[in-house]
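Containing mmCIF, C-alpha atoms and all ligand atoms: query.cif.
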data_my_file
#
loop_
_atom_site.label_atom_id
_atom_site.label_comp_id
_atom_site.auth_asym_id
_atom_site.auth_seq_id
_atom_site.Cartn_x
_atom_site.Cartn_y
_atom_site.Cartn_z
CA THR A 1 88.41 -67.86 -76.42
CA GLY A 2 87.07 -65.29 -78.84
CA TYR A 3 83.56 -66.63 -79.21
CA VAL A 4 81.08 -68.36 -76.95
CA THR A 5 78.31 -70.84 -77.76
CA TYR A 6 74.86 -69.86 -76.53
CA ASP A 7 73.12 -73.04 -75.35
CA PRO A 8 70.37 -72.35 -72.78
CA GLY A 9 69.63 -75.41 -70.69
CA PHE A 10 72.83 -77.06 -72.03
CA VAL A 11 70.78 -78.90 -74.64
CA ASN A 12 73.81 -79.57 -76.84
CA THR A 13 76.72 -79.14 -74.46
CA ALA A 14 78.63 -82.05 -72.91
CA SER A 15 80.10 -80.86 -69.63
CA CYS A 16 82.30 -83.90 -69.03
CA THR A 17 83.27 -87.35 -70.17
CA SER A 18 81.86 -90.15 -68.05
CA ALA A 19 82.09 -93.95 -67.96
CA ILE A 20 79.21 -94.45 -65.53
CA THR A 21 75.84 -94.33 -67.28
CA TYR A 22 74.82 -94.72 -70.90
CA ILE A 23 71.51 -93.44 -72.28
CA ASP A 24 70.22 -93.76 -75.82
CA GLY A 25 67.17 -91.51 -75.62
CA ASP A 26 65.83 -92.36 -79.07
CA ALA A 27 65.92 -96.08 -78.43
CA GLY A 28 64.88 -95.86 -74.75
CA ILE A 29 68.06 -97.55 -73.48
CA LEU A 30 69.64 -97.04 -70.06
CA ARG A 31 72.71 -98.90 -68.77
CA TYR A 32 74.82 -98.52 -65.63
CA ARG A 33 78.47 -99.40 -66.34
CA GLY A 34 77.25 -101.36 -69.37
CA TYR A 35 74.55 -103.39 -67.60
CA PRO A 36 70.97 -102.90 -68.89
CA ILE A 37 68.70 -101.26 -66.33
CA GLY A 38 66.01 -103.94 -66.67
CA GLU A 39 68.43 -106.68 -65.71
CA LEU A 40 69.82 -104.75 -62.74
CA ALA A 41 66.30 -103.90 -61.51
CA GLU A 42 65.36 -107.57 -61.60
CA LYS A 43 68.54 -109.18 -60.32
CA ALA A 44 70.69 -106.76 -58.33
CA SER A 45 70.18 -105.16 -54.92
CA PHE A 46 70.48 -101.42 -54.39
CA LEU A 47 73.76 -101.79 -52.49
CA GLU A 48 75.20 -103.96 -55.27
CA VAL A 49 74.23 -101.29 -57.79
CA SER A 50 75.65 -98.55 -55.56
CA TYR A 51 78.94 -100.44 -55.48
CA LEU A 52 78.83 -100.90 -59.25
CA LEU A 53 78.26 -97.19 -59.87
CA ILE A 54 80.89 -96.00 -57.40
CA TYR A 55 83.67 -98.53 -58.00
CA GLY A 56 82.96 -99.52 -61.61
CA GLU A 57 82.43 -103.28 -61.21
CA LEU A 58 79.80 -105.51 -59.65
CA PRO A 59 81.08 -106.60 -56.21
CA THR A 60 82.06 -110.16 -55.37
CA ALA A 61 80.13 -111.63 -52.43
CA ALA A 62 83.04 -110.74 -50.13
CA GLN A 63 83.27 -107.18 -51.44
CA LEU A 64 79.53 -106.69 -51.03
CA ALA A 65 79.62 -108.02 -47.47
CA GLU A 66 82.46 -105.67 -46.61
CA PHE A 67 80.74 -102.69 -48.23
CA SER A 68 77.39 -103.37 -46.49
CA GLY A 69 79.25 -103.95 -43.21
CA LYS A 70 80.97 -100.57 -43.42
CA ILE A 71 77.67 -98.85 -44.15
CA ARG A 72 76.01 -100.57 -41.19
CA MET A 73 78.71 -99.20 -38.88
CA HIS A 74 77.78 -95.61 -39.71
CA THR A 75 73.98 -95.43 -39.70
CA LEU A 76 73.70 -93.53 -36.40
CA LEU A 77 73.53 -89.76 -36.43
CA HIS A 78 75.58 -87.80 -33.96
CA GLU A 79 73.26 -86.87 -31.07
CA ASP A 80 73.93 -83.18 -31.67
CA LEU A 81 72.90 -83.56 -35.31
CA ARG A 82 69.78 -85.40 -34.19
CA ARG A 83 68.83 -82.31 -32.22
CA PHE A 84 68.96 -80.15 -35.37
CA PHE A 85 65.58 -81.59 -36.29
CA ASP A 86 64.00 -79.89 -33.26
CA GLY A 87 64.70 -76.51 -34.81
CA PHE A 88 62.71 -76.99 -38.02
CA PRO A 89 59.04 -76.08 -38.15
CA ARG A 90 56.80 -79.10 -37.94
CA ASP A 91 55.32 -78.54 -41.40
CA ALA A 92 58.73 -78.17 -43.06
CA HIS A 93 59.09 -79.97 -46.36
CA PRO A 94 61.48 -82.90 -45.79
CA MET A 95 63.64 -82.05 -48.85
CA PRO A 96 65.19 -78.85 -47.40
CA VAL A 97 65.44 -80.64 -44.05
CA LEU A 98 67.38 -83.43 -45.80
CA SER A 99 69.61 -80.98 -47.59
CA SER A 100 70.32 -79.01 -44.40
CA ALA A 101 71.26 -82.14 -42.50
CA VAL A 102 73.53 -83.38 -45.32
CA SER A 103 75.15 -79.95 -45.35
CA ALA A 104 75.60 -80.16 -41.58
CA LEU A 105 77.51 -83.44 -41.96
CA SER A 106 80.48 -81.40 -43.13
CA THR A 107 80.50 -79.62 -39.76
CA PHE A 108 80.60 -82.94 -37.89
CA TYR A 109 83.16 -84.65 -40.13
CA GLN A 110 85.70 -81.96 -40.79
CA ASP A 111 88.27 -84.66 -41.52
CA ALA A 112 86.37 -85.14 -44.76
CA LEU A 113 87.04 -81.71 -46.14
CA ASP A 114 89.92 -82.60 -48.49
CA PRO A 115 88.31 -83.76 -51.72
CA PHE A 116 91.56 -85.28 -53.01
CA ASP A 117 92.39 -87.52 -50.05
CA ALA A 118 91.30 -91.01 -51.09
CA ASP A 119 90.70 -92.25 -47.51
CA GLN A 120 88.62 -89.22 -46.66
CA VAL A 121 86.54 -89.54 -49.81
CA GLU A 122 85.99 -93.20 -48.96
CA ILE A 123 84.78 -92.54 -45.42
CA SER A 124 82.57 -89.66 -46.61
CA THR A 125 81.06 -92.01 -49.20
CA VAL A 126 80.25 -94.57 -46.52
CA ARG A 127 78.91 -91.95 -44.11
CA LEU A 128 76.59 -90.48 -46.72
CA LEU A 129 75.18 -93.82 -47.83
CA ALA A 130 74.74 -94.85 -44.19
CA LYS A 131 73.30 -91.65 -42.74
CA VAL A 132 71.02 -90.30 -45.48
CA PRO A 133 68.31 -92.95 -44.84
CA THR A 134 68.44 -92.09 -41.11
CA ILE A 135 68.19 -88.38 -41.89
CA ALA A 136 65.32 -88.99 -44.33
CA SER A 137 63.32 -90.98 -41.82
CA TYR A 138 63.92 -88.36 -39.10
CA ALA A 139 62.71 -85.62 -41.45
CA TYR A 140 59.50 -87.64 -41.81
CA LYS A 141 59.13 -88.39 -38.09
CA LYS A 142 59.58 -84.71 -37.34
CA SER A 143 56.78 -83.82 -39.78
CA ILE A 144 54.31 -86.11 -38.01
CA GLY A 145 55.49 -85.42 -34.46
CA GLN A 146 56.59 -88.98 -33.70
CA PRO A 147 59.75 -89.94 -31.79
CA PHE A 148 62.81 -90.83 -33.87
CA MET A 149 63.74 -94.50 -34.18
CA TYR A 150 67.42 -95.38 -33.93
CA PRO A 151 68.71 -97.60 -36.73
CA ASP A 152 68.56 -101.37 -36.27
CA ASN A 153 71.69 -102.65 -37.93
CA ALA A 154 70.50 -106.25 -37.92
CA LEU A 155 68.27 -105.19 -40.82
CA GLY A 156 69.13 -104.62 -44.46
CA TYR A 157 69.56 -101.16 -45.94
CA VAL A 158 65.99 -100.63 -47.16
CA GLU A 159 64.41 -102.61 -44.32
CA ASN A 160 66.19 -100.40 -41.80
CA PHE A 161 64.95 -97.27 -43.55
CA LEU A 162 61.36 -98.58 -43.61
CA ARG A 163 61.51 -99.43 -39.93
CA MET A 164 62.97 -96.04 -38.93
CA THR A 165 60.21 -94.40 -40.98
CA PHE A 166 57.15 -96.40 -40.02
CA ALA A 167 57.82 -98.10 -36.67
CA VAL A 168 56.77 -96.49 -33.41
CA PRO A 169 58.54 -97.22 -30.08
CA ALA A 170 56.91 -99.86 -27.91
CA THR A 171 54.80 -101.13 -30.80
CA SER A 172 55.75 -104.14 -32.84
CA TYR A 173 56.54 -103.56 -36.50
CA GLU A 174 57.36 -106.05 -39.21
CA VAL A 175 58.86 -104.93 -42.49
CA ASP A 176 56.77 -106.26 -45.38
CA PRO A 177 59.33 -108.11 -47.52
CA VAL A 178 57.47 -107.27 -50.75
CA VAL A 179 57.46 -103.56 -49.91
CA ALA A 180 61.18 -103.73 -49.10
CA LYS A 181 61.93 -105.55 -52.35
CA VAL A 182 59.96 -103.11 -54.50
CA LEU A 183 61.47 -100.07 -52.77
CA ASP A 184 64.95 -101.52 -53.25
CA MET A 185 64.13 -102.00 -56.95
CA LEU A 186 62.85 -98.42 -57.25
CA PHE A 187 66.10 -97.17 -55.70
CA VAL A 188 68.00 -99.16 -58.34
CA LEU A 189 65.96 -97.48 -61.09
CA HIS A 190 66.79 -94.03 -59.69
CA ALA A 191 70.45 -94.68 -58.86
CA ASP A 192 72.01 -92.71 -61.71
CA HIS A 193 70.96 -90.88 -64.84
CA GLU A 194 74.13 -89.26 -66.20
CA GLN A 195 74.24 -85.44 -66.35
CA ASN A 196 70.72 -84.56 -65.15
CA CYS A 197 70.13 -81.28 -63.29
CA SER A 198 70.97 -82.48 -59.76
CA THR A 199 74.01 -84.50 -60.85
CA SER A 200 75.31 -81.57 -62.89
CA THR A 201 74.78 -79.44 -59.77
CA VAL A 202 76.80 -81.87 -57.65
CA ARG A 203 79.58 -81.77 -60.24
CA LEU A 204 79.51 -77.99 -60.59
CA VAL A 205 79.71 -77.41 -56.83
CA GLY A 206 82.39 -80.09 -56.55
CA SER A 207 84.36 -78.55 -59.42
CA ALA A 208 85.18 -75.66 -57.09
CA GLN A 209 86.71 -78.38 -54.85
CA ALA A 210 83.88 -78.16 -52.34
CA ASN A 211 83.61 -81.38 -50.34
CA LEU A 212 81.28 -84.30 -51.04
CA PHE A 213 78.70 -83.37 -48.36
CA ALA A 214 78.42 -79.78 -49.62
CA SER A 215 78.11 -80.93 -53.23
CA VAL A 216 75.46 -83.55 -52.47
CA SER A 217 73.45 -81.14 -50.35
CA ALA A 218 73.27 -78.78 -53.35
CA GLY A 219 72.16 -81.73 -55.48
CA VAL A 220 69.27 -82.40 -53.08
CA HIS A 221 68.01 -78.84 -53.61
CA ALA A 222 68.22 -79.18 -57.39
CA LEU A 223 66.30 -82.46 -57.21
CA SER A 224 63.50 -80.83 -55.21
CA GLY A 225 62.28 -78.79 -58.20
CA PRO A 226 59.01 -79.95 -59.83
CA LEU A 227 60.64 -80.20 -63.26
CA HIS A 228 63.11 -82.71 -61.80
CA GLY A 229 62.60 -85.07 -58.82
CA GLY A 230 59.76 -82.98 -57.43
CA ALA A 231 57.68 -84.27 -60.37
CA ASN A 232 56.79 -87.47 -58.48
CA GLN A 233 54.94 -85.43 -55.84
CA ALA A 234 53.46 -83.16 -58.53
CA VAL A 235 52.07 -86.18 -60.45
CA LEU A 236 50.11 -87.36 -57.44
CA GLU A 237 48.79 -83.86 -56.80
CA MET A 238 47.74 -83.67 -60.46
CA LEU A 239 45.91 -87.02 -60.25
CA ASP A 240 44.23 -85.95 -56.99
CA SER A 241 43.03 -82.72 -58.54
CA ILE A 242 41.68 -84.49 -61.64
CA LYS A 243 39.82 -86.86 -59.33
CA ALA A 244 38.47 -83.96 -57.24
CA ASP A 245 37.23 -82.30 -60.45
CA GLY A 246 35.14 -85.38 -61.24
CA GLY A 247 37.77 -87.48 -63.04
CA ASP A 248 37.49 -85.76 -66.41
CA VAL A 249 40.77 -86.77 -67.99
CA GLN A 250 39.88 -85.43 -71.44
CA SER A 251 39.30 -81.91 -70.21
CA PHE A 252 42.56 -81.96 -68.26
CA VAL A 253 44.45 -83.04 -71.40
CA ARG A 254 42.75 -80.20 -73.29
CA ARG A 255 44.03 -77.69 -70.72
CA VAL A 256 47.56 -79.11 -71.09
CA LYS A 257 47.37 -78.80 -74.89
CA ASP A 258 46.03 -75.25 -74.62
CA LYS A 259 49.16 -74.50 -72.56
CA GLU A 260 47.15 -73.04 -69.74
CA PRO A 261 49.72 -71.40 -67.46
CA GLY A 262 51.00 -73.85 -64.87
CA VAL A 263 49.20 -76.83 -66.44
CA LYS A 264 51.52 -79.55 -67.69
CA LEU A 265 51.15 -83.27 -67.85
CA MET A 266 53.48 -83.95 -64.95
CA GLY A 267 55.49 -87.16 -65.24
CA PHE A 268 55.58 -86.81 -69.02
CA GLY A 269 58.42 -85.68 -71.24
CA HIS A 270 62.15 -85.85 -70.86
CA ARG A 271 65.13 -83.93 -72.17
CA VAL A 272 66.87 -87.08 -73.37
CA TYR A 273 64.21 -89.78 -73.85
CA LYS A 274 62.27 -89.32 -77.04
CA ASN A 275 60.81 -92.76 -76.55
CA TYR A 276 59.29 -94.65 -73.60
CA ASP A 277 61.50 -94.14 -70.52
CA PRO A 278 62.70 -97.72 -69.83
CA ARG A 279 62.38 -97.05 -66.08
CA ALA A 280 58.73 -96.00 -66.45
CA ALA A 281 57.86 -99.32 -68.10
CA ILE A 282 59.26 -101.22 -65.10
CA VAL A 283 57.57 -98.91 -62.58
CA LYS A 284 54.20 -99.22 -64.31
CA GLN A 285 54.31 -102.99 -63.96
CA ALA A 286 55.35 -102.73 -60.29
CA ALA A 287 52.56 -100.23 -59.55
CA ARG A 288 49.89 -102.72 -60.55
CA GLU A 289 51.47 -105.48 -58.44
CA VAL A 290 51.96 -103.34 -55.33
CA LEU A 291 48.49 -101.83 -55.43
CA ASP A 292 46.92 -105.27 -55.83
CA ARG A 293 48.95 -106.65 -52.98
CA MET A 294 48.17 -103.73 -50.69
CA HIS A 295 44.48 -104.00 -51.60
CA GLN A 296 44.53 -100.30 -52.38
CA PRO A 297 41.73 -98.77 -54.39
CA ASP A 298 43.37 -98.06 -57.72
CA GLU A 299 41.22 -95.15 -58.81
CA LEU A 300 44.30 -92.95 -59.25
CA LEU A 301 46.14 -95.71 -61.12
CA ASP A 302 43.18 -95.97 -63.48
CA LEU A 303 43.27 -92.21 -64.01
CA ALA A 304 47.01 -92.36 -64.70
CA MET A 305 46.54 -95.17 -67.22
CA GLN A 306 43.74 -93.27 -68.95
CA LEU A 307 45.94 -90.18 -69.13
CA GLU A 308 48.76 -92.21 -70.62
CA GLU A 309 46.50 -93.87 -73.16
CA ILE A 310 44.99 -90.57 -74.30
CA ALA A 311 48.35 -88.81 -74.44
CA LEU A 312 50.08 -91.56 -76.41
CA ALA A 313 47.36 -91.36 -79.05
CA ASP A 314 47.25 -87.55 -79.24
CA ASP A 315 49.20 -85.63 -81.83
CA TYR A 316 50.28 -82.93 -79.34
CA PHE A 317 52.24 -85.51 -77.32
CA VAL A 318 53.18 -87.78 -80.23
CA SER A 319 54.66 -84.97 -82.34
CA ARG A 320 56.68 -83.69 -79.37
CA LYS A 321 57.78 -87.24 -78.46
CA LEU A 322 56.39 -86.94 -74.93
CA TYR A 323 56.22 -90.27 -73.09
CA PRO A 324 55.76 -91.16 -69.42
CA ASN A 325 59.00 -90.72 -67.47
CA VAL A 326 60.16 -92.47 -64.30
CA ASP A 327 58.10 -90.13 -62.10
CA PHE A 328 54.73 -90.90 -63.69
CA TYR A 329 53.90 -94.07 -61.73
CA THR A 330 56.28 -93.98 -58.76
CA GLY A 331 54.08 -91.74 -56.56
CA LEU A 332 51.25 -94.25 -56.74
CA ILE A 333 53.54 -96.97 -55.39
CA TYR A 334 54.98 -94.76 -52.66
CA LYS A 335 51.47 -93.78 -51.61
CA ALA A 336 50.40 -97.43 -51.45
CA MET A 337 53.43 -98.12 -49.25
CA GLY A 338 52.21 -95.47 -46.81
CA PHE A 339 54.48 -92.54 -47.68
CA PRO A 340 52.86 -89.08 -47.80
CA PRO A 341 53.44 -87.08 -51.04
CA LYS A 342 55.95 -84.80 -49.30
CA MET A 343 58.29 -87.79 -48.89
CA PHE A 344 58.25 -88.89 -52.53
CA THR A 345 61.15 -86.72 -53.66
CA VAL A 346 63.14 -87.73 -50.58
CA LEU A 347 62.81 -91.32 -51.80
CA PHE A 348 64.17 -90.21 -55.18
CA ALA A 349 67.12 -88.62 -53.34
CA LEU A 350 67.83 -91.86 -51.45
CA GLY A 351 67.92 -93.69 -54.77
CA ARG A 352 70.04 -91.08 -56.59
CA LEU A 353 72.64 -90.78 -53.83
CA PRO A 354 75.11 -93.40 -55.16
CA GLY A 355 74.93 -91.76 -58.60
CA TRP A 356 75.80 -88.35 -57.17
CA ILE A 357 78.69 -89.87 -55.22
CA ALA A 358 79.98 -91.86 -58.20
CA GLN A 359 79.85 -88.81 -60.49
CA TRP A 360 81.56 -86.54 -57.95
CA ARG A 361 84.33 -89.11 -57.44
CA GLU A 362 84.75 -89.64 -61.17
CA MET A 363 85.11 -85.88 -61.65
CA MET A 364 87.63 -85.49 -58.83
CA GLY A 365 89.77 -88.22 -60.34
CA ASP A 366 89.60 -86.79 -63.87
CA PRO A 367 92.76 -84.92 -64.91
CA ALA A 368 90.63 -82.88 -67.36
CA ASN A 369 88.50 -81.52 -64.51
CA LYS A 370 88.43 -77.74 -64.13
CA ILE A 371 86.19 -75.42 -62.20
CA GLY A 372 82.79 -75.16 -63.93
CA ARG A 373 82.41 -71.62 -65.16
CA PRO A 374 79.92 -71.06 -67.99
CA ARG A 375 80.08 -67.93 -70.11
CA GLN A 376 77.17 -65.60 -70.92
CA VAL A 377 75.83 -63.39 -73.67
CA TYR A 378 75.53 -59.92 -72.12
CA THR A 379 72.28 -58.08 -72.96
CA GLY A 380 72.41 -55.12 -70.52
CA SER A 381 73.19 -51.41 -71.01
CA ALA A 382 76.28 -50.13 -72.73
CA GLU A 383 78.48 -47.87 -70.59
CA ARG A 384 76.57 -44.93 -69.12
CA ALA A 385 77.30 -41.94 -66.89
CA PHE A 386 76.66 -42.22 -63.16
CA VAL A 387 73.92 -39.92 -61.82
CA PRO A 388 74.15 -38.92 -58.11
CA VAL A 389 71.14 -39.99 -56.06
CA GLU A 390 69.76 -36.46 -55.53
CA GLN A 391 69.64 -35.90 -59.29
CA ARG A 392 67.75 -39.10 -60.22
N1 LIG B 401 53.25 -81.54 -70.64
C1 LIG B 401 52.90 -80.79 -71.70
N2 LIG B 401 53.75 -80.31 -72.61
C2 LIG B 401 55.05 -80.62 -72.44
C3 LIG B 401 55.50 -81.41 -71.38
C4 LIG B 401 54.55 -81.89 -70.45
N3 LIG B 401 54.93 -82.63 -69.40
N4 LIG B 401 56.84 -81.56 -71.47
C5 LIG B 401 57.21 -80.89 -72.57
N5 LIG B 401 56.15 -80.31 -73.17
C6 LIG B 401 56.13 -79.55 -74.43
C7 LIG B 401 56.70 -78.16 -74.20
O1 LIG B 401 55.68 -77.24 -73.85
C8 LIG B 401 57.31 -77.87 -75.54
O2 LIG B 401 56.26 -77.54 -76.45
P1 LIG B 401 56.51 -76.44 -77.64
O3 LIG B 401 57.52 -77.06 -78.54
O4 LIG B 401 55.16 -76.25 -78.24
O5 LIG B 401 57.02 -75.21 -76.94
C9 LIG B 401 57.85 -79.23 -76.00
O6 LIG B 401 57.03 -80.19 -75.32
C10 LIG B 401 59.32 -79.47 -75.65
O7 LIG B 401 59.45 -79.33 -74.24
P2 LIG B 401 60.62 -78.57 -73.50
O8 LIG B 401 60.06 -77.90 -72.28
O9 LIG B 401 61.40 -77.74 -74.47
O10 LIG B 401 61.51 -79.81 -73.07
P3 LIG B 401 62.70 -79.83 -72.01
O11 LIG B 401 63.65 -80.85 -72.46
O12 LIG B 401 63.23 -78.45 -71.78
O13 LIG B 401 61.97 -80.28 -70.66
C11 LIG B 401 61.05 -81.61 -68.94
C12 LIG B 401 61.97 -81.57 -70.17
C13 LIG B 401 61.17 -82.99 -68.31
C14 LIG B 401 61.46 -80.56 -67.95
C15 LIG B 401 59.58 -81.38 -69.43
O14 LIG B 401 59.20 -82.40 -70.30
C16 LIG B 401 58.60 -81.28 -68.26
O15 LIG B 401 58.43 -80.19 -67.70
N6 LIG B 401 57.93 -82.41 -67.87
C17 LIG B 401 57.04 -82.39 -66.71
C18 LIG B 401 57.85 -82.51 -65.43
C19 LIG B 401 58.43 -83.88 -65.23
O16 LIG B 401 57.75 -84.88 -65.37
N7 LIG B 401 59.72 -83.94 -64.87
C20 LIG B 401 60.41 -85.20 -64.57
C21 LIG B 401 61.51 -85.45 -65.54
S1 LIG B 401 62.11 -87.14 -65.50
C22 LIG B 401 62.98 -87.51 -64.08
C23 LIG B 401 63.41 -86.40 -63.25
O17 LIG B 401 64.32 -85.65 -63.59
O18 LIG B 401 62.85 -86.30 -62.17
#

Could the structure of this file be written out as C-alpha cells, please?
Amino acid sequence: TGYVTYDPGFVNTASCTSAITYIDGDAGILRYRGYPIGELAEKASFLEVSYLLIYGELPTAAQLAEFSGKIRMHTLLHEDLRRFFDGFPRDAHPMPVLSSAVSALSTFYQDALDPFDADQVEISTVRLLAKVPTIASYAYKKSIGQPFMYPDNALGYVENFLRMTFAVPATSYEVDPVVAKVLDMLFVLHADHEQNCSTSTVRLVGSAQANLFASVSAGVHALSGPLHGGANQAVLEMLDSIKADGGDVQSFVRRVKDKEPGVKLMGFGHRVYKNYDPRAAIVKQAAREVLDRMHQPDELLDLAMQLEEIALADDYFVSRKLYPNVDFYTGLIYKAMGFPPKMFTVLFALGRLPGWIAQWREMMGDPANKIGRPRQVYTGSAERAFVPVEQR
C-alpha cells in the first residue's frame, strides 16, 4: 500500500505465476508444459494436448481413452438448452451466441457452482469440452437456417464437430480426414497462450470465485474483439477489401503506415512476440497444403503472402518488430474448409477452451490466489459543492 504502479494494458505486470505455458517472445518460442509447440502440432492430437494442459502431463493410452470416453458421454445438449437457439435472431454473430449458451450451462448444471469441489470442477471440465463443439455447430446451423445435427459419438472430437456443422439430415456426409487432421492441428496451436486478454478475463472472473462456466463465457466475449481472436475474421475481410479495390497491396500498406484511422495490418503484431510467431509459421505451411488440396483459387493467399513480404522488408514494420501472428493465415484455411468468416473466431474459441480451463483450475488451486482488483490513478474533480438541479 502507499503507492500504485500505473501500467496500462498490463505491459509489465505479472498477474500470477503459472506452470502451463512458456513464451519467449524475442526468440519466437512457445511451449506447453515444456513441450515445443511445433512438436505437439505435428505429433499430438487436440485431446492429448487438452489433457496435457489441464492435468500437467501427457496422457498414457489408457488415460487418453478414459478422458475421450468421458467427453463422448456429454456431447448432447439438454433439449431445453437446444431451444435457446430459437430465440436468437438469424443473423446473430455466433460468438455472443456461444457465450450465451456457455453462460446458460451454469443454469442447467447447478451442481457445478462450487469452484473448490474437485469432483464438480472435473465434471464441469468434461461438460465444457464436450458441449462447446455442439454449441458452436448449433450457432452456425442457426445462422444458415438448417436443422441441428445431434452428435455422433462414434466419431472423434473434431470429426464430430465437422459433421454437426456441415452435414444435413437425410444427406450423406463424409468427414474429409485431411480437413479433420488440419483442424485438429489448428486447435492444438490455439490451445493456450499464457495470460492473453481472454485468459486473463477467465482468471479475473474466476478470482471472484465465479464458476467455470461463467468465467469461460466471459473469456469468449473477450476473445471476440478484433484485437484478439476476432483478428482472424478481420484479416479475411481486409484481404477481401484489398482484392475488391483491385489488389493494390502497396497502397494498402501505405495507408497502414500513414495510420489512417481504423486501418491496421490485421494479423500482424503481438504484445509478446517480437519475432515470427512460431504458430504463424506452421499455419502458413498448412494454408498452402489445404488450399492446394481443396483446389481453391489462392488469390487471397497470394495477396497475404505479398503483404507479408512487403511488410517484412519495410522499416515501419521492421522497426516496430511487427511479424505475422497466428491469425494471419488461419482465416484462409477456415474459408477453404467451408467455414464462413463469422465462424472463424468460434474456431479459435474451440481451440482455446482447454487453455482457459487449465488456467482457471491452476488459479483455483493456487494458495496465493486472491480476488483480482486492480488499482487506478484518479484524474477527476477534487471535492466540490453539490448544486440542486433547479440552480444548475
Ligand atoms: N498494423 C500497423 N501498425 C501496428 C500494428 C498493426 N497490426 N500492430 C502494432 N502496430 C504499431 C502501433 O501503431 C504502434 O506504433 P507507434 O509506436 O508508432 O505508436 C506500435 O506498432 C506498437 O503497437 P501497440 O499497439 O503499442 O502494441 P500492443 O502490444 O498494444 O498491441 C496488438 C498488440 C496485437 C493488439 C496489435 O499489434 C494489433 O492491433 N494487431 C492487429 C490485430 C491482431 O492481429 N490481433 C491478433 C493478435 S495475436 C492472437 C490473438 O490474440 O488473437

Practice prompt. Considering all atoms listed in the file, return as an NGL selection string whatever protein or nucleic-acid residues lie within 12 Å of Lys264 of chain A, sequence-local ones (same chain, fewer than 4 positions apart) excluded.
Written response: :A and (226-227 or 231 or 234-235 or 238-239 or 252-260 or 268-269 or 311 or 317 or 322)

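Proximity of A:Gly267, A:Pro8, A:Pro340, A:Pro59 to ligand LIG 401 (chain B), computed with all atoms listed in the file, is greatest for A:Gly267.
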
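Note that atom CA of Pro341 of chain A and atom CA of Glu237 of chain A are 8.1 Å apart.
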
Practice prompt. Name all residues at most 9 Å from Gln296 of chain A (count all atoms listed in the file; drop same-chain ones fewer than 5 positions away) and give them as a PyMOL selection string.
Written response: chain A and resi 290-291+336

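The residue that comes closest to Met343 of chain A, out of A:Gly247, A:Gly380, A:Gly365, A:Gly331 and on the basis of only C-alpha atoms, is A:Gly331.
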
Worksheet item: From the list A:Met95, A:Val168, A:Ile357, A:Val182, which residue is nearest Ser215 of chain A when using only C-alpha atoms?
Response: A:Ile357

Worksheet item: Which distance in Å separates atom CA of Gln120 of chain A and atom CA of Glu159 of chain A, to one decimal?
Response: 27.8 Å

Discussion item. As a list in words, please: the residues near Cys16 of chain A (cut-off 9 Å, all atoms listed in the file, same-chain neighbours under 3 positions excluded).
Written reply: Gln195, Met363, Ala368 and Asn369 of chain A

Worksheet entry | Nearest residue to ligand LIG 401 (chain B) from the set A:Leu53, A:Ala92, A:Val272, A:Val188 (distances using all atoms listed in the file) | A:Val272

Worksheet item: For ligand LIG 401 (chain B), which of A:Leu155, A:Val377, A:Val318, A:Leu353 is the closest residue, counting all atoms listed in the file?
Response: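 Between A:Leu155, A:Val377, A:Val318, A:Leu353, the residue approaching ligand LIG 401 (chain B) most closely is A:Val318.
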
Excluding Val283 of chain A and residues on its chain fewer than 5 positions from it, collect all residues at most 12 Å away from it, counting only C-alpha atoms, and give them as an mmCIF file with C-alpha atoms, in the coordinates of the input.
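Saved result, part32.cif, follows:
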data_model
loop_
_atom_site.group_PDB
_atom_site.id
_atom_site.type_symbol
_atom_site.label_atom_id
_atom_site.label_comp_id
_atom_site.auth_asym_id
_atom_site.auth_seq_id
_atom_site.Cartn_x
_atom_site.Cartn_y
_atom_site.Cartn_z
ATOM 1 C CA ILE A 37 68.700 -101.260 -66.330
ATOM 2 C CA GLY A 38 66.010 -103.940 -66.670
ATOM 3 C CA ALA A 41 66.300 -103.900 -61.510
ATOM 4 C CA GLU A 42 65.360 -107.570 -61.600
ATOM 5 C CA VAL A 182 59.960 -103.110 -54.500
ATOM 6 C CA LEU A 183 61.470 -100.070 -52.770
ATOM 7 C CA MET A 185 64.130 -102.000 -56.950
ATOM 8 C CA LEU A 186 62.850 -98.420 -57.250
ATOM 9 C CA PHE A 187 66.100 -97.170 -55.700
ATOM 10 C CA VAL A 188 68.000 -99.160 -58.340
ATOM 11 C CA LEU A 189 65.960 -97.480 -61.090
ATOM 12 C CA HIS A 190 66.790 -94.030 -59.690
ATOM 13 C CA TYR A 276 59.290 -94.650 -73.600
ATOM 14 C CA ASP A 277 61.500 -94.140 -70.520
ATOM 15 C CA PRO A 278 62.700 -97.720 -69.830
ATOM 16 C CA ARG A 288 49.890 -102.720 -60.550
ATOM 17 C CA GLU A 289 51.470 -105.480 -58.440
ATOM 18 C CA VAL A 290 51.960 -103.340 -55.330
ATOM 19 C CA LEU A 291 48.490 -101.830 -55.430
ATOM 20 C CA LEU A 301 46.140 -95.710 -61.120
ATOM 21 C CA PRO A 324 55.760 -91.160 -69.420
ATOM 22 C CA ASN A 325 59.000 -90.720 -67.470
ATOM 23 C CA VAL A 326 60.160 -92.470 -64.300
ATOM 24 C CA ASP A 327 58.100 -90.130 -62.100
ATOM 25 C CA PHE A 328 54.730 -90.900 -63.690
ATOM 26 C CA TYR A 329 53.900 -94.070 -61.730
ATOM 27 C CA THR A 330 56.280 -93.980 -58.760
ATOM 28 C CA GLY A 331 54.080 -91.740 -56.560
ATOM 29 C CA LEU A 332 51.250 -94.250 -56.740
ATOM 30 C CA ILE A 333 53.540 -96.970 -55.390
ATOM 31 C CA TYR A 334 54.980 -94.760 -52.660
#

Worksheet item: Which of these residues is nearest to ligand LIG 401 (chain B), using only C-alpha atoms and all ligand atoms: A:Asp7, A:Asp366, A:Asp111, A:Glu122?
Response: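 Looking only at the distances to ligand LIG 401 (chain B), the closest residue turns out to be A:Asp7.
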
Fill in: Between atom CA of Leu162 of chain A and atom CA of Asp176 of chain A - distance in Å to one decimal
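Computing it gives 9.1 Å between the two atoms.
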
Worksheet item: Which polymer residues have any atom within 12 Å of an atom of Gly69 of chain A, counting all atoms listed in the file, with same-chain residues fewer than 2 positions away left out, as an MDAnalysis selection string?
Response: chainID A and resid 47 62:67 71:75 126 129:130 153:157

Might I get the box with edges along x, y and z of the file that holds all atoms of segment 122-125 of chain A listed there, padded by 3 Å on every side, given as centre and edge lengths in Å to one decimal, as AutoDock Vina command-line options?
--center_x 83.5 --center_y -91.4 --center_z -47.3 --size_x 10.9 --size_y 9.5 --size_z 9.8
